[in-house]
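One file, model.tsv, is given below (TSV, C-alpha atoms).
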```tsv
chain	number	residue	atom	x	y	z
A	1482	MET	CA	-4.18	5.51	-14.72
A	1483	LYS	CA	-2.62	3.84	-17.72
A	1484	CYS	CA	-2.83	0.13	-18.42
A	1485	SER	CA	-0.67	-1.77	-20.87
A	1486	HIS	CA	0.36	-5.34	-21.57
A	1487	LYS	CA	3.25	-7.12	-23.21
A	1488	ARG	CA	4.04	-10.70	-24.12
A	1489	GLU	CA	7.12	-12.01	-22.34
A	1490	ARG	CA	8.60	-15.52	-22.53
A	1491	CYS	CA	7.00	-16.49	-19.22
A	1492	GLY	CA	3.53	-15.18	-20.08
A	1493	ILE	CA	1.52	-11.98	-20.44
A	1494	VAL	CA	2.61	-9.04	-18.30
A	1495	ILE	CA	-0.12	-6.50	-17.53
A	1496	ARG	CA	1.19	-3.19	-16.19
A	1497	PHE	CA	-0.64	-0.47	-14.26
A	1498	HIS	CA	0.83	3.03	-14.17
A	1499	GLY	CA	-0.37	5.85	-11.91
A	1500	GLU	CA	-2.89	5.89	-9.05
A	1501	LEU	CA	-5.22	2.97	-8.26
A	1502	GLY	CA	-8.17	3.98	-6.10
A	1503	HIS	CA	-11.89	3.27	-6.32
A	1504	HIS	CA	-12.24	5.67	-9.28
A	1505	GLU	CA	-9.63	3.83	-11.35
A	1506	ALA	CA	-10.50	0.27	-10.25
A	1507	ALA	CA	-13.26	-0.27	-12.82
A	1508	GLN	CA	-10.90	0.69	-15.64
A	1509	CYS	CA	-8.29	-1.77	-14.34
A	1510	VAL	CA	-10.81	-4.61	-14.04
A	1511	GLU	CA	-12.07	-3.95	-17.57
A	1512	TYR	CA	-8.53	-3.95	-18.95
A	1513	LEU	CA	-7.64	-7.15	-17.09
A	1514	GLU	CA	-10.73	-8.94	-18.37
A	1515	LYS	CA	-10.13	-7.77	-21.93
A	1516	THR	CA	-6.50	-8.90	-21.88
A	1517	MET	CA	-7.35	-12.27	-20.32
A	1518	THR	CA	-9.91	-12.80	-23.08
A	1519	LEU	CA	-7.22	-12.09	-25.68
A	1520	TYR	CA	-4.76	-14.55	-24.09
A	1521	PRO	CA	-6.86	-17.25	-22.40
A	1522	THR	CA	-4.09	-19.87	-22.42
A	1523	GLU	CA	-1.22	-17.74	-21.07
A	1524	PRO	CA	0.01	-17.27	-17.50
A	1525	ILE	CA	-0.72	-13.73	-16.29
A	1526	PHE	CA	1.75	-11.50	-14.42
A	1527	LEU	CA	0.32	-8.30	-12.96
A	1528	ASP	CA	3.09	-5.68	-12.73
A	1529	LEU	CA	2.33	-3.01	-10.11
A	1530	SER	CA	5.76	-1.36	-10.15
A	1531	GLY	CA	4.36	1.71	-11.92
A	1532	LEU	CA	1.78	2.49	-9.21
A	1533	THR	CA	2.27	5.80	-7.41
A	1534	PHE	CA	-0.71	5.23	-5.09
A	1535	MET	CA	-3.01	2.37	-4.17
A	1536	ASP	CA	-5.76	1.96	-1.56
A	1537	SER	CA	-7.87	-1.08	-0.66
A	1538	SER	CA	-9.55	-0.93	-4.07
A	1539	GLY	CA	-6.43	-2.69	-5.34
A	1540	ILE	CA	-7.20	-5.71	-3.17
A	1541	ALA	CA	-10.46	-6.42	-4.97
A	1542	VAL	CA	-8.80	-5.82	-8.37
A	1543	VAL	CA	-6.06	-8.38	-7.62
A	1544	LEU	CA	-8.41	-10.95	-6.10
A	1545	GLY	CA	-10.84	-10.63	-9.01
A	1546	ALA	CA	-8.04	-11.04	-11.54
A	1547	GLN	CA	-6.65	-14.08	-9.76
A	1548	ARG	CA	-10.11	-15.67	-9.57
A	1549	ASN	CA	-10.59	-15.27	-13.34
A	1550	VAL	CA	-7.12	-16.49	-14.30
A	1551	LEU	CA	-7.18	-19.52	-12.01
A	1552	GLY	CA	-10.70	-20.28	-13.20
A	1553	ALA	CA	-9.31	-20.48	-16.74
A	1554	GLY	CA	-6.69	-22.95	-15.55
A	1555	GLN	CA	-3.72	-20.58	-15.80
A	1556	SER	CA	-1.28	-19.23	-13.24
A	1557	PHE	CA	-1.40	-15.72	-11.78
A	1558	CYS	CA	1.29	-13.71	-10.06
A	1559	VAL	CA	1.75	-10.10	-8.91
A	1560	ILE	CA	5.19	-8.57	-9.47
A	1561	GLY	CA	6.97	-5.33	-8.55
A	1562	THR	CA	4.58	-4.26	-5.81
A	1563	PRO	CA	5.67	-0.92	-4.28
A	1564	PRO	CA	6.25	-0.99	-0.48
A	1565	THR	CA	3.19	1.14	0.39
A	1566	ALA	CA	0.89	-1.05	-1.70
A	1567	MET	CA	2.48	-4.15	-0.16
A	1568	ARG	CA	1.57	-2.86	3.32
A	1569	ILE	CA	-2.07	-2.77	2.21
A	1570	PHE	CA	-1.90	-6.32	0.86
A	1571	GLN	CA	-0.23	-7.47	4.08
A	1572	ALA	CA	-2.85	-5.75	6.25
A	1573	SER	CA	-5.58	-7.51	4.29
A	1574	GLY	CA	-3.97	-10.93	4.62
A	1575	ILE	CA	-4.18	-11.74	0.89
A	1576	CYS	CA	-0.43	-12.41	0.73
A	1577	ARG	CA	-1.33	-15.93	1.86
A	1578	ARG	CA	-3.62	-16.42	-1.13
A	1579	VAL	CA	-1.81	-14.57	-3.92
A	1580	THR	CA	1.77	-15.07	-5.17
A	1581	PHE	CA	3.87	-11.89	-4.98
A	1582	LEU	CA	7.30	-11.77	-6.60
A	1583	PRO	CA	9.77	-8.86	-6.74
A	1584	ALA	CA	10.18	-9.21	-10.52
A	1585	LEU	CA	9.46	-11.47	-13.48
A	1586	PRO	CA	10.99	-14.93	-13.12
A	1587	GLN	CA	13.87	-15.35	-15.55
A	1588	THR	CA	13.56	-18.10	-18.13
A	1589	GLU	CA	16.52	-20.02	-19.50
A	1590	GLY	CA	16.28	-18.15	-22.78
A	1591	GLU	CA	16.48	-14.78	-21.05
A	1592	GLU	CA	19.55	-15.89	-19.14
A	1593	ASP	CA	21.13	-16.83	-22.48
A	1594	ASP	CA	20.24	-13.39	-23.85
A	1595	LEU	CA	21.85	-11.71	-20.88
A	1596	CYS	CA	24.99	-13.76	-21.41
A	1597	THR	CA	25.03	-12.81	-25.09
A	1598	ALA	CA	24.62	-9.13	-24.22
A	1599	LYS	CA	27.72	-9.30	-22.06
B	854	MET	CA	1.06	21.36	25.05
B	855	HIS	CA	-1.44	20.69	22.27
B	856	SER	CA	-2.35	23.88	20.46
B	857	GLU	CA	-3.95	24.15	17.07
B	858	ILE	CA	-1.74	25.90	14.53
B	859	ASN	CA	-3.69	25.62	11.31
B	860	GLN	CA	-6.89	24.23	9.81
B	861	MET	CA	-8.55	23.66	6.46
B	862	SER	CA	-11.87	22.41	5.13
B	863	ILE	CA	-13.07	21.34	1.71
B	864	LYS	CA	-16.51	20.31	0.53
B	865	PHE	CA	-17.16	18.42	-2.69
B	866	LEU	CA	-19.70	16.18	-4.41
B	867	SER	CA	-19.59	12.43	-3.83
B	868	ARG	CA	-18.16	11.67	-7.25
B	869	SER	CA	-15.32	9.15	-7.49
B	870	SER	CA	-13.37	11.60	-9.62
B	871	ASN	CA	-12.99	13.72	-6.45
B	872	GLU	CA	-11.18	11.01	-4.47
B	873	ALA	CA	-7.75	11.92	-5.80
B	874	PHE	CA	-8.47	15.63	-5.19
B	875	ALA	CA	-9.40	14.96	-1.56
B	876	ARG	CA	-6.36	12.84	-0.68
B	877	GLN	CA	-3.96	15.16	-2.48
B	878	ALA	CA	-5.45	18.25	-0.83
B	879	VAL	CA	-5.03	16.76	2.66
B	880	ALA	CA	-1.53	15.51	1.82
B	881	ALA	CA	-0.51	18.98	0.64
B	882	PHE	CA	-1.89	20.51	3.84
B	883	ALA	CA	-0.16	17.88	6.02
B	884	ALA	CA	3.16	18.66	4.33
B	885	GLN	CA	3.46	21.66	6.70
B	886	LEU	CA	4.35	19.16	9.45
B	887	ASP	CA	7.35	17.96	7.42
B	888	PRO	CA	6.24	14.31	7.24
B	889	THR	CA	8.22	11.55	5.57
B	890	ILE	CA	7.06	10.15	2.23
B	891	GLU	CA	5.75	7.11	4.08
B	892	GLU	CA	3.73	9.25	6.52
B	893	ILE	CA	2.25	11.24	3.61
B	894	ASN	CA	1.31	7.99	1.86
B	895	ASP	CA	-0.35	6.73	5.05
B	896	ILE	CA	-2.46	9.89	5.26
B	897	LYS	CA	-3.40	9.77	1.56
B	898	THR	CA	-4.43	6.14	1.87
B	899	ALA	CA	-6.57	6.72	4.98
B	900	VAL	CA	-8.31	9.75	3.44
B	901	SER	CA	-8.94	7.83	0.23
B	902	GLU	CA	-10.56	4.99	2.18
B	903	ALA	CA	-12.80	7.33	4.17
B	904	VAL	CA	-13.92	9.31	1.12
B	905	THR	CA	-14.52	6.13	-0.88
B	906	ASN	CA	-16.76	4.86	1.94
B	907	CYS	CA	-18.87	8.02	1.62
B	908	ILE	CA	-19.21	7.56	-2.14
B	909	VAL	CA	-19.80	3.81	-2.19
B	910	HIS	CA	-21.86	3.35	0.99
B	911	ALA	CA	-23.23	6.63	2.37
B	912	TYR	CA	-24.45	7.98	-0.97
B	913	ARG	CA	-24.92	4.59	-2.65
B	914	GLU	CA	-28.00	5.48	-4.67
B	915	THR	CA	-27.58	9.21	-4.76
B	916	THR	CA	-25.10	12.08	-4.79
B	917	GLY	CA	-24.38	14.31	-1.82
B	918	TYR	CA	-21.72	16.44	-0.25
B	919	ILE	CA	-18.63	15.21	1.54
B	920	THR	CA	-16.73	17.50	3.89
B	921	VAL	CA	-13.08	16.87	4.68
B	922	SER	CA	-11.45	19.04	7.32
B	923	ALA	CA	-8.02	18.84	8.88
B	924	LYS	CA	-6.29	20.50	11.82
B	925	LEU	CA	-2.60	20.69	12.58
B	926	PHE	CA	-1.29	20.90	16.14
B	927	ASP	CA	2.01	22.19	17.46
B	928	ASP	CA	3.04	18.76	18.75
B	929	GLY	CA	2.96	17.37	15.21
B	930	GLU	CA	-0.49	15.85	15.29
B	931	ILE	CA	-2.87	16.00	12.35
B	932	ARG	CA	-6.57	15.40	12.92
B	933	ILE	CA	-8.67	14.66	9.85
B	934	VAL	CA	-12.47	14.56	9.86
B	935	VAL	CA	-14.46	13.12	6.94
B	936	ARG	CA	-18.21	13.78	7.12
B	937	ASP	CA	-21.19	12.87	5.00
B	938	LYS	CA	-24.95	13.26	5.31
B	939	GLY	CA	-25.72	9.90	3.78
B	940	CYS	CA	-27.55	6.80	4.95
B	941	GLY	CA	-25.44	6.18	8.05
B	942	ILE	CA	-24.08	2.92	9.43
B	943	ALA	CA	-26.49	0.57	11.22
B	944	ASP	CA	-23.80	-1.37	13.11
B	945	ILE	CA	-20.43	0.37	13.39
B	946	GLN	CA	-18.70	-2.55	15.13
B	947	GLN	CA	-19.71	-4.88	12.32
B	948	ALA	CA	-18.70	-2.34	9.66
B	949	ARG	CA	-15.22	-2.12	11.20
B	950	GLN	CA	-14.64	-5.86	10.94
B	951	PRO	CA	-12.06	-6.83	8.26
B	952	MET	CA	-13.63	-8.13	5.04
B	953	PHE	CA	-17.12	-6.93	6.00
B	954	THR	CA	-18.77	-4.98	3.20
B	955	THR	CA	-22.25	-4.09	2.05
B	956	GLY	CA	-20.79	-3.01	-1.30
B	957	ASP	CA	-20.49	-4.99	-4.51
B	958	ALA	CA	-17.79	-7.50	-5.49
B	959	GLY	CA	-15.48	-4.61	-6.31
B	960	ARG	CA	-15.10	-3.79	-2.61
B	961	SER	CA	-12.81	-5.66	-0.27
B	962	GLY	CA	-14.31	-4.61	3.06
B	963	MET	CA	-10.89	-3.49	4.26
B	964	GLY	CA	-11.45	0.28	4.38
B	965	PHE	CA	-11.71	0.73	8.16
B	966	THR	CA	-8.95	-1.82	8.75
B	967	ILE	CA	-6.60	0.14	6.49
B	968	MET	CA	-7.56	3.43	8.20
B	969	GLU	CA	-6.79	1.86	11.60
B	970	SER	CA	-3.49	0.43	10.36
B	971	PHE	CA	-2.23	3.60	8.71
B	972	MET	CA	-3.34	6.16	11.31
B	973	ASP	CA	-2.77	6.30	15.09
B	974	ARG	CA	-6.43	6.63	16.10
B	975	LEU	CA	-9.77	6.18	14.39
B	976	ARG	CA	-13.20	7.17	15.68
B	977	VAL	CA	-16.45	6.52	13.83
B	978	ARG	CA	-19.73	8.17	14.74
B	979	SER	CA	-22.87	7.51	12.73
B	980	ARG	CA	-26.64	7.75	12.84
B	981	GLU	CA	-28.86	6.04	10.33
B	982	GLY	CA	-30.50	8.53	8.01
B	983	ILE	CA	-28.35	11.38	9.37
B	984	GLY	CA	-24.80	10.63	8.29
B	985	THR	CA	-21.36	9.51	9.38
B	986	GLN	CA	-18.30	11.24	10.78
B	987	VAL	CA	-14.88	9.57	10.69
B	988	THR	CA	-12.10	11.18	12.74
B	989	MET	CA	-8.51	10.06	12.22
B	990	THR	CA	-5.40	11.32	13.95
B	991	LYS	CA	-1.74	10.74	13.31
B	992	ARG	CA	1.33	12.09	15.03
B	993	ILE	CA	4.09	13.16	12.66
B	994	ALA	CA	7.44	12.50	14.30
B	995	ALA	CA	9.67	15.54	14.74
B	996	ARG	CA	12.89	15.30	12.80
B	997	PHE	CA	16.16	17.11	13.38
B	998	GLY	CA	15.78	20.86	13.08
B	999	THR	CA	11.98	20.84	12.94
B	1000	ARG	CA	9.47	21.98	15.58
```

So, in terms of structure tokens, how does the structure I just supplied come out?
Amino acid sequence: MKCSHKRERCGIVIRFHGELGHHEAAQCVEYLEKTMTLYPTEPIFLDLSGLTFMDSSGIAVVLGAQRNVLGAGQSFCVIGTPPTAMRIFQASGICRRVTFLPALPQTEGEEDDLCTAK
Amino acid sequence: MHSEINQMSIKFLSRSSNEAFARQAVAAFAAQLDPTIEEINDIKTAVSEAVTNCIVHAYRETTGYITVSAKLFDDGEIRIVVRDKGCGIADIQQARQPMFTTGDAGRSGMGFTIMESFMDRLRVRSREGIGTQVTMTKRIAARFGTR
């Protein structure tokens, strides 16, 4: 499991790469908490597109992260969830409590950049 | 017709670092039935949940052995049995309820629900102080040119 983060225009994007089971969950929680401490006033986007496996341990990781971010008064969103992981979230019912998006929302500036690139 | 065509068994310590080994070993064995990627992922997820239960709940304060065995049948069924000799489950019906957990905040209480959702059948047998046995079966659909 590899964790990384990057500042985007819309907020901080935290990315998980690899397998997320019970063994890796503690590492993910620690990384999330550390990153949230570094950027307490930024919206957090959790990017799961790099996951090759996830079991129900991911549910607690996401719920814990959301609880901390919302508690700090910021917004929290999960992006790029692979289909297998999404089935686990759907089975658990947390899709009603957590915002899932296919990708990062585009800001006006990014749209301008895309136009410039053309 | 329901004849056994192959079987395997592995035994390992209840360390979380063995979870990936267990699910990948069963997935590699199940590959003989020519499953789809989605079916393989279902099996890996269910095995991971069952093995995690052994580590987190059965051997909560200690370390013990977990046995995972699997059998393949000629009609495409795989039967997976995950056994421990841990503390056992006092109330199986309650343990199978979604969101019920005796673990810490890091657990979601969705393990049995996920096993039920991702496999065709789930049976749980347990005795307090003796251990728990989880049996899961899944039928791998035959595709063109196979079986």

Please, which residues in chain A fall within 6 Å of chain B when counting all atoms listed in the file, and what is the closest atom pair and distance in Å to one decimal for each, ordered by chain then residue number, as CSV?
```
residue,atom,partner,partner_atom,distance
A:His1504,CA,B:Ser869,CA,5.0
A:Asp1536,CA,B:Thr898,CA,5.6
A:Ala1541,CA,B:Ser961,CA,5.3
```

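Closest approach to Thr1516 of chain A among A:Ile1540, A:Val1579, A:Leu1551, A:Ala1546 is made by A:Ala1546 (distances from all atoms listed in the file).
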
- Which protein, DNA or RNA residues are at most 10 Å from (2.7, -14.8, -19.5) in the file's coordinates when you count all atoms listed in the file, listed as a list in words? His1486, Lys1487, Arg1488, Glu1489, Arg1490, Cys1491, Gly1492, Ile1493, Val1494, Ile1495, Tyr1520, Thr1522, Glu1523, Pro1524, Ile1525, Phe1526, Leu1527, Gln1555, Ser1556, Phe1557, Cys1558 and Leu1585 of chain A

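Minimum distance to Met1517 of chain A across A:Gly1574, A:Gly1554, A:Pro1583, A:Gly1561 (counting only C-alpha atoms) occurs at A:Gly1554.
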
- Query: For the atom pair atom CA of Ser867 of chain B and atom CA of Thr990 of chain B, what is the interatomic distance in Å to one decimal place?
  - Reply: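 A separation of 22.8 Å between them.
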
- Pick out the closest residue to Thr916 of chain B from this set: B:Ser856, B:Gln946, B:Leu866, B:Ile896. Count all atoms listed in the file.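 Of B:Ser856, B:Gln946, B:Leu866, B:Ile896, the one nearest Thr916 of chain B is B:Leu866, counting all atoms listed in the file.
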
- Spatial sel., origin (-7.7, -7.7, -15.8), limit 10 Å, all atoms listed in the file, listed as a ChimeraX atom specification: /A:1484,1495-1496,1507-1518,1525,1527,1542-1543,1545-1547,1549-1550

- Query: So which one's closest to Arg1577 of chain A, A:Thr1565, A:Phe1534, A:Leu1544, A:Gly1499? Using only C-alpha atoms, please.
  - Reply: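 Result for the nearest residue to Arg1577 of chain A: A:Leu1544.
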
- By how many Å are atom CA of Gly941 of chain B and atom CA of Leu975 of chain B apart? 16.9 Å

- Thr985 of chain B surroundings by all atoms listed in the file, 9 Å radius, close-in-sequence under 3 positions cut, as a list in words: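 The residues satisfying every condition are Cys907, Ala911, Val935, Arg936, Asp937, Lys938, Gly939, Cys940, Gly941, Ile942, Val977, Arg978, Ser979, Arg980 and Glu981 of chain B.
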
Hey, can I get the axis-aligned box for segment 1517-1535 of chain A? All listed atoms, 5 Å padding on each side, centre and edge lengths in Å to one decimal, as JSON.
```
{"center_x": -2.1, "center_y": -7.0, "center_z": -14.9, "size_x": 25.7, "size_y": 35.7, "size_z": 31.5}
```

- Query: Looking at B:Val934, B:Ile945, B:Ala878, B:Leu925, which one is nearest to Met989 of chain B, with distances taken over all atoms listed in the file?
  - Reply: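 Closest to Met989 of chain B of all the choices is B:Val934.
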
- Separation of atom CA of Asp927 of chain B and atom CA of Gln860 of chain B, in Å?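 Distance between the two atoms: 11.9 Å.
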